Amino acid sequence: MPRIVVDVMPKPEILDPQGKAIVGALPRLGFTSFSSVRQGKRFELTVDGEVTEEILAQAREAAETMLSNPVIEDVVNVEVLA
Amino acid sequence: MSELPLIGEAVAIAAEPRLAGARIGVVTFPGTLDDRDAARAIRLAGASAISLWHADTELGEVDAVVIPGGFSYGDYLRAGAIARFAPLMTRIIDAANSEAKLPVLGICNGFQILTESHLLPGSMIKNDHLKFNCSNQILRVENNTTAWTSDYALDQEIAIPLKNQDGQYIADEKTLDALEAENRVVFRYVGANPNGSRRSIAGISNAAGNVVGLMPHPEHAVEAGYGPETPGGAGGIDGLGFFTSILTKIVGGAK
């Protein structure tokens, strides 16, 4: 069954405390090449049947109104998984 | 909700029919924790506490609403994000924005629900130190003209508990400047900033002053001997003023 993927990231200007904690822990495991980490969210919306333009529009609206908070987050990607 | 005996008799205002006629709703969502404490604080102030359920489609006859703390829907998605779309929240948002300007107080998770509802600007993210914070916190009351703070003196310092994980208040600089210019920063943390909140903001109001949200918990500081005690303070009841303030507004008392 087709799935629509929605990716949400904290806005660039917002400090991401979780990402900061992760980047602090990586060198302790020997991963020293990464200067910054930002943690976002990925949602997979399963559709029973064909993904029409209308359903995709609904997914975009859900992403903007519920899956993300525009004060602190950006929807960076909405796409259909084959 | 069964009536618990009131322990803090020293602070309980003698119940007057005029006061008990004031009906203050307390909303319970799945995962709400502090609804009973909020109801108790309302009764200690002398008003009647009305239990409201998130799935209700009608608000009923209430003069004000408290959205209490806890972890509605386990803080899934974002703190307050799913509760914001509860049927009752739609009624509360409409009533708060209506001509009648229903007074609404959001405490902790309730504050998060109010920002997710866009009744209050900004948002809360994880504490900057990433740890759950539980402490007695001193706040300065910087606006005593809201529906929920009129019984405090301007710049009065009060001590009430603070307990949260996602308590860092953030908004863009333009919004923060507007909040300051419009005197809508109602509470500010005194001393070290406990969670990285912008400009040490602990609580804000909407433009009309009927909607107030804050992270610390006034409902846990309403009985003598139970709230944080500070030298020269009121003996652990610094939070009671929220509930007497709204009662004063509802019954139209002299102030």
# chains A, B, ... in the order shown; residues from 1 in each chain; ligands from 1
call {"tool": "interface_residues", "arguments": {"of": "chain A", "to": "chain B", "cutoff": "12 Å", "atoms": "only C-alpha atoms", "output": "ChimeraX atom specification"}}
result
/A:8,10-11,13-22,40-43,63,65-73
call {"tool": "closest_residue", "arguments": {"among": "B:His220, B:Ile158, B:Val62, B:Asn97", "to": "Asp34 of chain B", "atoms": "only C-alpha atoms"}}
result
B:His220
call {"tool": "residues_around", "arguments": {"residues": "Glu58 of chain B", "least_positions_apart": "6", "cutoff": "10 Å", "atoms": "only C-alpha atoms", "output": "MDAnalysis selection string"}}
result
chainID B and resid 52 87:92
call {"tool": "select_by_dssp", "arguments": {"residues": "segment 42-153 of chain B", "states": "alpha helix (DSSP H)", "output": "short mmCIF file (atom, residue, chain, number, x, y, z; two decimals) with N, CA and C atoms, in the first residue's frame"}}
result
data_model
loop_
_atom_site.label_atom_id
_atom_site.label_comp_id
_atom_site.auth_asym_id
_atom_site.auth_seq_id
_atom_site.Cartn_x
_atom_site.Cartn_y
_atom_site.Cartn_z
N ILE B 42 -9.33 25.60 43.43
CA ILE B 42 -10.54 26.39 43.13
C ILE B 42 -11.49 26.36 44.33
N ARG B 43 -11.64 25.17 44.94
CA ARG B 43 -12.53 25.06 46.10
C ARG B 43 -11.96 25.79 47.30
N LEU B 44 -10.63 25.72 47.46
CA LEU B 44 -10.01 26.45 48.57
C LEU B 44 -10.21 27.96 48.44
N ALA B 45 -10.26 28.44 47.21
CA ALA B 45 -10.50 29.86 46.99
C ALA B 45 -11.96 30.22 47.25
N PRO B 87 -12.32 17.92 20.97
CA PRO B 87 -13.56 18.67 20.71
C PRO B 87 -13.77 19.83 21.70
N LEU B 88 -13.50 19.58 22.99
CA LEU B 88 -13.75 20.63 23.98
C LEU B 88 -12.82 21.84 23.76
N MET B 89 -11.61 21.58 23.26
CA MET B 89 -10.68 22.70 23.03
C MET B 89 -11.23 23.66 21.99
N THR B 90 -11.92 23.12 20.99
CA THR B 90 -12.52 23.99 19.97
C THR B 90 -13.52 24.95 20.63
N ARG B 91 -14.32 24.42 21.56
CA ARG B 91 -15.29 25.26 22.28
C ARG B 91 -14.55 26.31 23.12
N ILE B 92 -13.47 25.87 23.79
CA ILE B 92 -12.74 26.79 24.67
C ILE B 92 -12.06 27.90 23.86
N ILE B 93 -11.49 27.53 22.71
CA ILE B 93 -10.83 28.53 21.86
C ILE B 93 -11.86 29.57 21.39
N ASP B 94 -13.03 29.08 20.95
CA ASP B 94 -14.08 30.01 20.49
C ASP B 94 -14.53 30.91 21.63
N ALA B 95 -14.72 30.34 22.83
CA ALA B 95 -15.22 31.13 23.97
C ALA B 95 -14.17 32.15 24.42
N ALA B 96 -12.89 31.77 24.36
CA ALA B 96 -11.84 32.70 24.79
C ALA B 96 -11.71 33.87 23.82
N ASN B 97 -11.97 33.60 22.54
CA ASN B 97 -11.86 34.65 21.52
C ASN B 97 -13.17 35.43 21.33
N ASN B 109 1.50 21.80 31.12
CA ASN B 109 0.97 21.20 29.90
C ASN B 109 -0.21 22.03 29.37
N GLY B 110 -0.96 22.66 30.28
CA GLY B 110 -2.05 23.54 29.86
C GLY B 110 -1.53 24.74 29.08
N PHE B 111 -0.39 25.28 29.49
CA PHE B 111 0.27 26.38 28.77
C PHE B 111 0.69 25.89 27.39
N GLN B 112 1.26 24.68 27.34
CA GLN B 112 1.69 24.12 26.06
C GLN B 112 0.48 23.94 25.13
N ILE B 113 -0.65 23.50 25.69
CA ILE B 113 -1.86 23.33 24.88
C ILE B 113 -2.34 24.69 24.36
N LEU B 114 -2.22 25.74 25.17
CA LEU B 114 -2.66 27.07 24.75
C LEU B 114 -1.77 27.63 23.63
N THR B 115 -0.46 27.33 23.65
CA THR B 115 0.38 27.80 22.55
C THR B 115 0.10 26.98 21.29
N GLU B 116 -0.10 25.67 21.45
CA GLU B 116 -0.45 24.86 20.29
C GLU B 116 -1.78 25.30 19.69
#
call {"tool": "atom_distance", "arguments": {"atom1": "atom CA of Phe29 of chain B", "atom2": "atom CA of Phe71 of chain B"}}
result
8.8 Å
call {"tool": "residues_around", "arguments": {"residues": "Gly235 of chain B", "least_positions_apart": "4", "cutoff": "7 Å", "atoms": "only C-alpha atoms", "output": "list of chain:residue names"}}
result
B:Ala224, B:Gly225, B:Glu229
